[in-house]
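Colleague: Below: one structure in structure tokens.
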Amino acid sequence: MPNLGGVSPEVSPEVSPVVSPGDAVSTIRAHLVEHDIAFTEPADGVFSFSLPGERKLQTAVRLDVGPHALACHAFVCRAPDENHEAVYRWLLQRNLRMYAVSFAVDRLGDIYLDARLPLASVTGGGLDLLLGSVLSNADESFNTILELGFAASIRKEWEWRQLRGESTANLEAFRGWLEQGTAPPVASSVGEDDEQQGDSGR
């Protein structure tokens with residue numbers, strides 16, 4: 001037998017396992033049950049649930065099993081009130097460092113994490129990595145998105161609560177720049193990644 005493409009006849013190319021949509025649905029259902037994640041199935045092959053975080057307390061996630069791929073859609077934040085260019089620039093920079101998922105916006109400007117993966121990736125380990133990436137990226141990015149896109153609203157809420165003597169516990173992450181009366185420090189760092197990458201490419 002001729003050796004086509006330089007592949008040794010003793011070694012077979014690695015082939016990804018074939019996973020049917022039905023198998024993927026069963027694997028996802030079993031994975032969510034195993035990890036005590038409450039979920040609903042609003043339609044065939046569609047799973048809806050929330051992942052608990054620290055900064056972002058709940059991240060709503062939807063998994064859609066299609067004929068050939070698994071789609072993941074997770075809501076992160078509504079459209080920013082201000083500073084839209086800086087917010088979207090920061091999200092694009094963050095995309096360069098993320099596994100499986102990427103930030104995206106819908107027609108209203110609301111921010112999501114999206115992914116589309118082959119059904120062969122729907123395994124216990126694959127779902128751990130996917131959902132772990134969704135949770136970590138939603139949670140770690142949440143305060144930065146708020147500082148960039150909602151700074152005026154945060155300051156107004158802070159001042160209103162202080163005036164009324166109400167708790168500011170849920171604004172504690174922003175206390176530093178609110179008390180100093182300055183802009184959030186993250187606002188000045190947007191674009192630095194681009195500049196550093198440009199320098200390294202020269």
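Simple scheme: letters A, B, ... for chains in structure tokens order, numbers from 1 for residues in each chain, numbers from 1 for ligands in the order shown.
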Mind checking which residues fall within 10 Å of Ala24 in chain A, counting only C-alpha atoms, ignoring those fewer than 5 positions away in the same chain, and posting them as number ranges by chain?
Modeller: A: 19, 29-30, 45, 65-66, 69-70, 119-123
Colleague: Could you pull out the residues in chain A that DSSP calls strand (DSSP E) from the backbone, as JSON, numbers by chain?
Modeller: {"A": [39, 40, 41, 42, 43, 46, 47, 48, 49, 50, 51, 52, 58, 59, 60, 61, 62, 63, 64, 65, 69, 70, 71, 72, 73, 74, 75, 76, 77, 102, 103, 104, 105, 111, 112, 113, 114, 115, 116, 117, 118]}
Colleague: Can you pull out every residue within 12 Å of Ile145 in chain A, counting only C-alpha atoms, but drop anything in the same chain fewer than 4 positions away, and send it as an MDAnalysis selection string?
Modeller: chainID A and resid 55:56 76:91 94 103 110:112 137:141 149:151 154 184 186:187 190
Colleague: Write the selection just made, keeping C-alpha atoms, as a PDB file, in the first residue's frame?
Modeller:
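Heads up, here's the output in selection-v8.pdb:
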```pdb
ATOM      1  CA  ARG A  55     -18.247  39.615  41.778  1.00  0.00           C
ATOM      2  CA  LYS A  56     -21.106  38.728  39.436  1.00  0.00           C
ATOM      3  CA  VAL A  76     -22.593  39.181  31.281  1.00  0.00           C
ATOM      4  CA  CYS A  77     -23.871  42.760  31.410  1.00  0.00           C
ATOM      5  CA  ARG A  78     -26.363  45.123  29.813  1.00  0.00           C
ATOM      6  CA  ALA A  79     -25.143  47.728  27.350  1.00  0.00           C
ATOM      7  CA  PRO A  80     -22.833  50.290  28.995  1.00  0.00           C
ATOM      8  CA  ASP A  81     -24.213  53.736  29.800  1.00  0.00           C
ATOM      9  CA  GLU A  82     -21.012  55.527  28.765  1.00  0.00           C
ATOM     10  CA  ASN A  83     -17.513  55.078  27.391  1.00  0.00           C
ATOM     11  CA  HIS A  84     -18.660  52.478  24.857  1.00  0.00           C
ATOM     12  CA  GLU A  85     -15.469  52.482  22.799  1.00  0.00           C
ATOM     13  CA  ALA A  86     -13.272  51.841  25.844  1.00  0.00           C
ATOM     14  CA  VAL A  87     -15.538  49.028  27.053  1.00  0.00           C
ATOM     15  CA  TYR A  88     -15.573  47.222  23.709  1.00  0.00           C
ATOM     16  CA  ARG A  89     -11.845  47.791  23.218  1.00  0.00           C
ATOM     17  CA  TRP A  90     -11.153  46.180  26.611  1.00  0.00           C
ATOM     18  CA  LEU A  91     -13.382  43.217  25.747  1.00  0.00           C
ATOM     19  CA  ARG A  94      -9.447  40.257  26.785  1.00  0.00           C
ATOM     20  CA  PHE A 103     -17.010  38.363  24.313  1.00  0.00           C
ATOM     21  CA  ASP A 110     -25.650  43.965  25.733  1.00  0.00           C
ATOM     22  CA  ILE A 111     -22.509  41.949  26.500  1.00  0.00           C
ATOM     23  CA  TYR A 112     -22.351  38.146  26.274  1.00  0.00           C
ATOM     24  CA  ASN A 137     -14.322  35.296  32.521  1.00  0.00           C
ATOM     25  CA  ALA A 138     -17.766  36.599  33.491  1.00  0.00           C
ATOM     26  CA  ASP A 139     -16.771  36.972  37.133  1.00  0.00           C
ATOM     27  CA  GLU A 140     -13.280  38.413  36.631  1.00  0.00           C
ATOM     28  CA  SER A 141     -14.386  40.950  34.019  1.00  0.00           C
ATOM     29  CA  GLY A 149     -19.156  51.653  31.363  1.00  0.00           C
ATOM     30  CA  PHE A 150     -21.122  52.718  34.443  1.00  0.00           C
ATOM     31  CA  ALA A 151     -18.777  54.945  36.497  1.00  0.00           C
ATOM     32  CA  ILE A 154     -21.876  53.992  40.423  1.00  0.00           C
ATOM     33  CA  PRO A 184     -11.581  54.489  37.952  1.00  0.00           C
ATOM     34  CA  VAL A 186      -8.806  50.913  34.886  1.00  0.00           C
ATOM     35  CA  ALA A 187      -9.923  53.681  32.525  1.00  0.00           C
ATOM     36  CA  VAL A 190      -7.264  50.518  28.304  1.00  0.00           C
TER      37      VAL A 190
END
```
Colleague: Report the residues of chain A whose backbone DSSP state falls under alpha helix (DSSP H), written as a VMD selection string.
Modeller: chain A and resid 21 to 34 84 to 95 124 to 149 151 to 164 175 to 180 192 to 200
Colleague: If I take CA of Leu171 in chain A and CA of Leu108 in chain A, how far is one from the other in Å, to one decimal?
Modeller: 26.0 Å
Colleague: One decimal, Å: what's the distance from CA of Pro21 in chain A over to CA of Phe75 in chain A, could you say?
Modeller: 24.1 Å
Colleague: From the list A:Gly125, A:Gly181, A:Gly132, A:Gly165, which residue is nearest Gly53 in chain A when using only C-alpha atoms?
Modeller: A:Gly132
Colleague: Counting only C-alpha atoms, which of A:Glu166, A:Trp177, A:His35, A:Val25 gets nearest to Phe47 in chain A?
Modeller: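 Among the listed residues, A:Val25 lies closest to Phe47 in chain A.
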Colleague: Fewer than 4 positions away in the same chain doesn't count, so skip those; otherwise give me all residues within 6 Å of His73 in chain A, counting only C-alpha atoms, as a PDB file with C-alpha atoms, in the first residue's frame.
Modeller:
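File written: result_9.pdb
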```pdb
ATOM      1  CA  VAL A  61     -26.025  30.388  30.657  1.00  0.00           C
ATOM      2  CA  ARG A  62     -27.731  28.657  27.747  1.00  0.00           C
ATOM      3  CA  LEU A 113     -19.840  35.314  26.298  1.00  0.00           C
ATOM      4  CA  ASP A 114     -20.290  33.063  23.273  1.00  0.00           C
TER       5      ASP A 114
END
```
